[in-house]
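*Asks:* Here you go, my_file_9.pdb (PDB, C-alpha atoms):
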```pdb
ATOM      1  CA  ALA V 234       0.000   0.000   0.000
ATOM      2  CA  ALA V 235       1.043   3.601  -0.609
ATOM      3  CA  SER V 236       1.055   4.372   3.115
ATOM      4  CA  ASP V 237       3.562   1.551   3.697
ATOM      5  CA  VAL V 238       5.834   2.964   0.980
ATOM      6  CA  TYR V 239       5.779   6.408   2.580
ATOM      7  CA  LYS V 240       6.411   4.924   6.028
ATOM      8  CA  ARG V 241       9.469   3.049   4.760
ATOM      9  CA  GLN V 242      10.625   6.203   3.002
ATOM     10  CA  ALA V 243      10.301   8.232   6.196
ATOM     11  CA  GLU V 244      12.356   5.658   8.065
ATOM     12  CA  SER V 245      15.098   5.508   5.413
ATOM     13  CA  GLY V 246      15.216   9.222   4.623
ATOM     14  CA  ASN V 247      15.571   8.447   0.899
ATOM     15  CA  PRO V 248      13.473  10.479  -1.571
ATOM     16  CA  ILE V 249      10.708   8.822  -3.609
ATOM     17  CA  ASP V 250      10.890   9.525  -7.343
ATOM     18  CA  GLN V 251       8.107   7.960  -9.396
ATOM     19  CA  VAL V 252       5.602   8.339 -12.230
ATOM     20  CA  GLU V 253       1.973   8.133 -11.109
ATOM     21  CA  PHE V 254      -1.246   8.149 -13.098
ATOM     22  CA  VAL V 255      -4.955   8.616 -12.501
ATOM     23  CA  THR V 256      -7.938   7.984 -14.778
ATOM     24  CA  LEU V 257     -10.105  11.097 -15.061
ATOM     25  CA  PRO V 258     -13.850  11.264 -15.782
ATOM     26  CA  GLY V 259     -14.295  10.523 -19.463
ATOM     27  CA  GLY V 260     -11.524   7.941 -19.471
ATOM     28  CA  ARG V 261      -8.507  10.238 -20.046
ATOM     29  CA  THR V 262      -5.360   9.201 -18.182
ATOM     30  CA  MET V 263      -3.267  11.888 -16.477
ATOM     31  CA  TYR V 264       0.382  11.115 -15.768
ATOM     32  CA  SER V 265       2.512  12.948 -13.212
ATOM     33  CA  ARG V 266       6.135  12.738 -12.143
ATOM     34  CA  THR V 267       6.247  12.931  -8.348
ATOM     35  CA  LEU V 268       9.101  13.487  -5.924
ATOM     36  CA  LYS V 269       8.585  13.146  -2.180
ATOM     37  CA  THR V 270      11.101  13.516   0.610
ATOM     38  CA  VAL V 271      10.996  13.839   4.391
ATOM     39  CA  ILE V 272      12.266  17.012   6.065
ATOM     40  CA  ARG V 273      12.789  17.096   9.810
ATOM     41  CA  GLN V 274      11.895  20.266  11.748
ATOM     42  CA  GLU V 275      14.745  20.889  14.162
ATOM     43  CA  GLU V 276      12.597  22.885  16.600
ATOM     44  CA  THR V 277       9.836  20.304  17.075
ATOM     45  CA  GLY V 278      11.346  17.074  15.809
ATOM     46  CA  HIS V 279       8.347  16.633  13.501
ATOM     47  CA  ARG V 280       8.911  15.079  10.106
ATOM     48  CA  LEU V 281       7.160  16.648   7.120
ATOM     49  CA  LEU V 282       6.548  14.815   3.858
ATOM     50  CA  LEU V 283       7.385  17.417   1.217
ATOM     51  CA  GLY V 284       6.414  16.609  -2.359
ATOM     52  CA  ILE V 285       6.164  18.156  -5.794
ATOM     53  CA  SER V 286       4.273  16.756  -8.743
ATOM     54  CA  LEU V 287       4.354  17.759 -12.407
ATOM     55  CA  ASP V 288       1.743  16.908 -15.017
ATOM     56  CA  ILE V 289       3.647  15.085 -17.786
ATOM     57  CA  SER V 290       0.543  13.783 -19.604
ATOM     58  CA  GLU V 291       1.093  15.783 -22.764
ATOM     59  CA  ALA V 292       4.716  14.796 -23.035
ATOM     60  CA  LYS V 293       3.854  11.204 -22.115
ATOM     61  CA  ASN V 294       1.185  10.905 -24.805
ATOM     62  CA  GLN V 295       2.963  12.937 -27.491
ATOM     63  CA  GLU V 296       6.530  11.804 -27.841
ATOM     64  CA  GLN V 297       7.360  14.614 -30.265
ATOM     65  CA  GLU V 298       7.328  17.096 -27.368
ATOM     66  CA  VAL V 299      10.698  15.861 -26.178
ATOM     67  CA  ARG V 300      11.987  19.289 -25.230
ATOM     68  CA  GLN V 301       9.103  19.993 -22.840
ATOM     69  CA  TYR V 302       9.466  16.605 -21.197
ATOM     70  CA  ALA V 303      13.226  17.064 -20.849
ATOM     71  CA  GLU V 304      12.776  20.431 -19.128
ATOM     72  CA  ARG V 305      10.397  18.921 -16.588
ATOM     73  CA  GLU V 306      12.692  15.958 -16.069
ATOM     74  CA  GLN V 307      15.622  18.304 -15.461
ATOM     75  CA  MET V 308      13.658  20.253 -12.866
ATOM     76  CA  ILE V 309      12.751  17.072 -10.968
ATOM     77  CA  ASN V 310      16.329  15.849 -11.120
ATOM     78  CA  ASP V 311      17.640  19.191  -9.838
ATOM     79  CA  CYS V 312      15.279  18.908  -6.866
ATOM     80  CA  LEU V 313      16.263  15.288  -6.257
ATOM     81  CA  SER V 314      19.967  16.133  -6.324
ATOM     82  CA  ALA V 315      19.451  19.019  -3.922
ATOM     83  CA  MET V 316      17.533  16.944  -1.409
ATOM     84  CA  MET V 317      20.092  14.132  -1.516
ATOM     85  CA  PHE V 318      23.362  16.073  -1.576
ATOM     86  CA  GLU V 319      22.870  19.594  -0.211
ATOM     87  CA  ASP V 320      24.250  20.194   3.279
ATOM     88  CA  GLY V 321      21.081  20.604   5.321
ATOM     89  CA  SER V 322      17.376  20.727   4.567
ATOM     90  CA  ASP V 323      17.263  24.548   4.334
ATOM     91  CA  ASN V 324      19.648  24.481   1.381
ATOM     92  CA  ALA V 325      17.663  21.681  -0.217
ATOM     93  CA  ILE V 326      14.396  23.596   0.091
ATOM     94  CA  ASN V 327      15.921  26.796  -1.270
ATOM     95  CA  THR V 328      17.367  24.921  -4.232
ATOM     96  CA  MET V 329      14.007  23.278  -4.894
ATOM     97  CA  LEU V 330      12.223  26.654  -4.804
ATOM     98  CA  LYS V 331      14.763  28.024  -7.280
ATOM     99  CA  ALA V 332      14.175  25.090  -9.638
ATOM    100  CA  ILE V 333      10.386  25.451  -9.429
ATOM    101  CA  GLY V 334      10.544  29.228  -9.869
ATOM    102  CA  GLU V 335      12.853  29.100 -12.865
ATOM    103  CA  TYR V 336      10.900  26.327 -14.554
ATOM    104  CA  SER V 337       7.617  28.194 -14.036
ATOM    105  CA  GLY V 338       9.069  31.472 -15.306
ATOM    106  CA  ALA V 339       8.124  33.066 -11.976
ATOM    107  CA  ASP V 340       9.850  35.962 -10.244
ATOM    108  CA  ARG V 341       9.433  34.625  -6.714
ATOM    109  CA  CYS V 342       8.819  31.203  -5.216
ATOM    110  CA  TYR V 343       8.234  30.939  -1.466
ATOM    111  CA  ILE V 344       6.889  28.982   1.487
ATOM    112  CA  PHE V 345       4.687  30.333   4.285
ATOM    113  CA  GLU V 346       4.180  28.494   7.580
ATOM    114  CA  TYR V 347       1.063  28.946   9.691
ATOM    115  CA  GLN V 348       1.803  29.500  13.377
ATOM    116  CA  THR V 349      -1.712  29.083  14.696
ATOM    117  CA  ASP V 350      -0.735  29.443  18.351
ATOM    118  CA  ARG V 351       0.398  32.995  17.590
ATOM    119  CA  LYS V 352      -2.353  33.567  14.988
ATOM    120  CA  VAL V 353       0.202  34.550  12.350
ATOM    121  CA  ALA V 354       1.822  33.200   9.209
ATOM    122  CA  CYS V 355       5.520  33.644   8.412
ATOM    123  CA  ASN V 356       7.407  33.598   5.129
ATOM    124  CA  THR V 357      10.081  31.033   6.008
ATOM    125  CA  PHE V 358      11.731  30.426   2.609
ATOM    126  CA  GLU V 359      11.977  32.537  -0.549
ATOM    127  CA  TRP V 360      13.720  32.425  -3.915
ATOM    128  CA  VAL V 361      13.724  35.496  -6.170
ATOM    129  CA  ALA V 362      14.832  35.925  -9.767
ATOM    130  CA  GLU V 363      17.644  38.280 -10.687
ATOM    131  CA  SER V 364      16.749  41.974 -10.161
ATOM    132  CA  ILE V 365      13.565  41.086  -8.211
ATOM    133  CA  ALA V 366      13.286  42.549  -4.717
ATOM    134  CA  PRO V 367      12.966  39.970  -1.893
ATOM    135  CA  GLN V 368       9.875  40.246   0.288
ATOM    136  CA  ILE V 369      10.638  37.707   3.008
ATOM    137  CA  GLY V 370      11.769  40.364   5.484
ATOM    138  CA  LEU V 371       8.450  42.185   5.143
ATOM    139  CA  LEU V 372       6.274  39.099   5.425
ATOM    140  CA  GLN V 373       6.850  37.926   8.976
ATOM    141  CA  ASN V 374       4.028  37.635  11.510
ATOM    142  CA  VAL V 375       1.276  38.236   8.947
ATOM    143  CA  PRO V 376      -2.050  38.108  10.865
ATOM    144  CA  LEU V 377      -4.027  35.002   9.960
ATOM    145  CA  GLU V 378      -7.097  37.212   9.706
ATOM    146  CA  THR V 379      -5.514  38.824   6.660
ATOM    147  CA  LEU V 380      -5.228  35.383   5.036
ATOM    148  CA  ALA V 381      -8.631  34.106   6.167
ATOM    149  CA  ASP V 382     -10.116  33.932   2.647
ATOM    150  CA  TRP V 383      -7.058  32.177   1.274
ATOM    151  CA  THR V 384      -7.029  29.748   4.189
ATOM    152  CA  HIS V 385     -10.668  28.853   3.539
ATOM    153  CA  GLU V 386      -9.849  28.002  -0.090
ATOM    154  CA  LEU V 387      -6.716  26.044   0.767
ATOM    155  CA  GLU V 388      -8.487  24.052   3.491
ATOM    156  CA  ALA V 389     -10.984  22.986   0.813
ATOM    157  CA  HIS V 390      -8.014  21.693  -1.237
ATOM    158  CA  ARG V 391      -8.438  24.447  -3.826
ATOM    159  CA  MET V 392      -5.582  26.458  -5.290
ATOM    160  CA  ILE V 393      -5.324  30.232  -5.174
ATOM    161  CA  CYS V 394      -4.992  31.477  -8.752
ATOM    162  CA  CYS V 395      -4.917  35.023 -10.101
ATOM    163  CA  SER V 396      -3.839  35.847 -13.656
ATOM    164  CA  ASP V 397      -4.148  39.640 -13.321
ATOM    165  CA  LEU V 398      -4.401  41.548 -10.053
ATOM    166  CA  ASP V 399      -5.664  44.578 -11.977
ATOM    167  CA  GLY V 400      -8.510  42.620 -13.556
ATOM    168  CA  PRO V 401     -11.707  41.109 -12.104
ATOM    169  CA  LEU V 402     -10.850  39.249  -8.899
ATOM    170  CA  GLU V 403     -12.235  36.153  -7.230
ATOM    171  CA  PRO V 404     -13.815  36.927  -3.828
ATOM    172  CA  TYR V 405     -10.925  35.239  -1.994
ATOM    173  CA  MET V 406      -8.485  37.727  -3.567
ATOM    174  CA  THR V 407     -10.219  40.937  -2.484
ATOM    175  CA  ARG V 408      -8.882  41.219   1.065
ATOM    176  CA  ALA V 409      -5.264  40.495   0.094
ATOM    177  CA  ALA V 410      -5.152  42.441  -3.185
ATOM    178  CA  ASP V 411      -3.803  45.734  -1.802
ATOM    179  CA  ILE V 412      -0.978  43.999   0.091
ATOM    180  CA  LEU V 413      -0.038  42.026  -3.006
ATOM    181  CA  ARG V 414       0.046  45.141  -5.188
ATOM    182  CA  LEU V 415       2.466  46.743  -2.728
ATOM    183  CA  GLN V 416       4.818  43.868  -3.597
ATOM    184  CA  SER V 417       4.403  44.667  -7.324
ATOM    185  CA  ILE V 418       2.751  41.296  -7.891
ATOM    186  CA  ARG V 419       0.786  41.039 -11.128
ATOM    187  CA  SER V 420      -0.117  37.322 -11.129
ATOM    188  CA  LEU V 421       0.213  34.538  -8.575
ATOM    189  CA  GLN V 422      -0.496  30.899  -7.796
ATOM    190  CA  VAL V 423      -0.616  29.344  -4.310
ATOM    191  CA  CYS V 424      -1.020  25.730  -3.157
ATOM    192  CA  GLY V 425      -1.482  24.395   0.381
ATOM    193  CA  ILE V 426       1.091  22.339   2.285
ATOM    194  CA  TRP V 427      -0.429  19.649   4.520
ATOM    195  CA  HIS V 428       0.918  17.795   7.554
ATOM    196  CA  ASN V 429      -0.962  15.082   9.455
ATOM    197  CA  GLY V 430      -4.191  16.087   7.738
ATOM    198  CA  GLN V 431      -3.832  19.743   8.769
ATOM    199  CA  LEU V 432      -3.050  22.754   6.601
ATOM    200  CA  TRP V 433       0.555  23.543   7.611
ATOM    201  CA  GLY V 434       1.210  26.434   5.243
ATOM    202  CA  PHE V 435       1.472  27.112   1.533
ATOM    203  CA  VAL V 436       3.889  27.388  -1.358
ATOM    204  CA  GLY V 437       3.436  30.138  -3.910
ATOM    205  CA  LEU V 438       4.649  31.646  -7.181
ATOM    206  CA  ASP V 439       4.620  35.404  -7.868
ATOM    207  CA  TYR V 440       4.891  37.040 -11.289
ATOM    208  CA  VAL V 441       6.143  40.632 -11.102
ATOM    209  CA  ARG V 442       7.544  41.643 -14.489
ATOM    210  CA  ALA V 443       4.513  40.528 -16.510
ATOM    211  CA  THR V 444       1.126  38.903 -16.004
ATOM    212  CA  GLN V 445       0.863  35.138 -16.360
ATOM    213  CA  GLN V 446      -2.210  33.241 -17.510
ATOM    214  CA  ILE V 447      -2.982  30.834 -14.667
ATOM    215  CA  THR V 448      -5.779  28.244 -14.734
TER     216      THR V 448
END
```
Once more with this new file: its structure as structure tokens, please.

*Replies:*
Amino acid sequence: AASDVYKRQAESGNPIDQVEFVTLPGGRTMYSRTLKTVIRQEETGHRLLLGISLDISEAKNQEQEVRQYAEREQMINDCLSAMMFEDGSDNAINTMLKAIGEYSGADRCYIFEYQTDRKVACNTFEWVAESIAPQIGLLQNVPLETLADWTHELEAHRMICCSDLDGPLEPYMTRAADILRLQSIRSLQVCGIWHNGQLWGFVGLDYVRATQQIT
């Protein structure tokens, strides 16, 4: 069973690198390349299962798109190498964020951690592209109330997506829009990070230099 695989992985500390597939309504098969690894929190001793997954269906079903497949493969391999050989989990996470950000064409890639006991969220990791101003120093102790609409969406296992902050906004974007514009963000995408069935935080991509169509 999958749970047994993850348990053995947690005990060994070795990353899982595999191709998975799921049959969608209508009979179409979606393939994804998935990498999972365990990161230990030094403060609490908790172990977090951190994973990334890329949709490789198009490249899988259409062999002529070799270049696209190779780019995605390279990104996964960069992340795998970082997690196996970097000195410390912080370096591995930062290298992974860089790989995800560069592959996505984003200007920032970051992780926020919810600290529910203090009713805040903190930007704990951030990668920024060349010439892009970091925001991590300004995004500590963000009141959870400010992120309430986002949290509601993420807890429902829905992604936060915005292609143009200056265009029509989804209701969950309204409260955060002004803060995001102060960071010069034009488009963004955010996905929840889960631990033991609880929303632990989120990972996000910001687009600053140009808007990005996100679906």

*Asks:* Which residues fall under the PyMOL selection byres ((chain V and resi 389-403) around 7) in this file, as a PyMOL selection string?

*Replies:* chain V and resi 383+385-388+404-407+410+419-424+444-448

*Asks:* Interatomic distance between atom CA of Gly430 of chain V and atom CA of Leu268 of chain V?

*Replies:* 19.2 Å

*Asks:* With the PyMOL selection byres ((chain V and resi 334-345) around 6) as the selection, what would be picked from this file? Answer as a JSON list (two decimals) with C-alpha atoms, in the frame of the given file, please.

*Replies:*
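Dumped everything to selection25.json:
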```
[["chain", "number", "residue", "atom", "x", "y", "z"],
["V", 330, "LEU", "CA", 12.22, 26.65, -4.80],
["V", 331, "LYS", "CA", 14.76, 28.02, -7.28],
["V", 332, "ALA", "CA", 14.18, 25.09, -9.64],
["V", 333, "ILE", "CA", 10.39, 25.45, -9.43],
["V", 346, "GLU", "CA", 4.18, 28.49, 7.58],
["V", 355, "CYS", "CA", 5.52, 33.64, 8.41],
["V", 356, "ASN", "CA", 7.41, 33.60, 5.13],
["V", 357, "THR", "CA", 10.08, 31.03, 6.01],
["V", 358, "PHE", "CA", 11.73, 30.43, 2.61],
["V", 359, "GLU", "CA", 11.98, 32.54, -0.55],
["V", 360, "TRP", "CA", 13.72, 32.42, -3.92],
["V", 361, "VAL", "CA", 13.72, 35.50, -6.17],
["V", 362, "ALA", "CA", 14.83, 35.92, -9.77],
["V", 434, "GLY", "CA", 1.21, 26.43, 5.24],
["V", 435, "PHE", "CA", 1.47, 27.11, 1.53],
["V", 436, "VAL", "CA", 3.89, 27.39, -1.36],
["V", 437, "GLY", "CA", 3.44, 30.14, -3.91],
["V", 438, "LEU", "CA", 4.65, 31.65, -7.18],
["V", 439, "ASP", "CA", 4.62, 35.40, -7.87],
["V", 440, "TYR", "CA", 4.89, 37.04, -11.29]]
```

*Asks:* For segment 327-331 of chain V, take all atoms listed in the file, fit an axis-aligned box around them, add 6 Å to each of the six sides, then output centre and edge lengths in Å rounded to one decimal, as lines of an AutoDock Vina configuration file.

*Replies:*
```
center_x = 14.8
center_y = 25.7
center_z = -4.3
size_x = 17.1
size_y = 16.7
size_z = 18.0
```

*Asks:* Quick check, in Å to one decimal: how far apart do atom CA of Gln368 of chain V and atom CA of Ala354 of chain V lie?

*Replies:*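 Spanning atom CA of Gln368 of chain V to atom CA of Ala354 of chain V is a straight-line distance of 13.9 Å.
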
*Asks:* In Å, with one decimal, what is the gap from atom CA of Ala409 of chain V to atom CA of Val375 of chain V?

*Replies:*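 Going from atom CA of Ala409 of chain V over to atom CA of Val375 of chain V, I get 11.2 Å.
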
*Asks:* Need to verify the contact set: Arg408 of chain V, 9 Å, all atoms listed in the file, exclusion of same-chain residues closer than 5 positions in sequence. Can you return it as a ChimeraX atom specification?

*Replies:* /V:379-382

*Asks:* Using only C-alpha atoms, pick whichever of V:Glu378, V:Glu363, V:Asp323, V:Asp411 has the shortest atom-to-atom distance to Arg351 of chain V.

*Replies:*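 Closest to Arg351 of chain V, using only C-alpha atoms: V:Glu378.
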
*Asks:* Using all atoms listed in the file, which residues sit within 7 Å of Val255 of chain V once same-chain residues fewer than 3 positions away are excluded, as a list in words?

*Replies:* Thr262, Met263 and Tyr264 of chain V

*Asks:* Could you write out as number ranges by chain the residues that the PyMOL selection byres ((chain V and resi 285) around 7) matches in the shown file?

*Replies:* V: 267-269, 284, 286-287
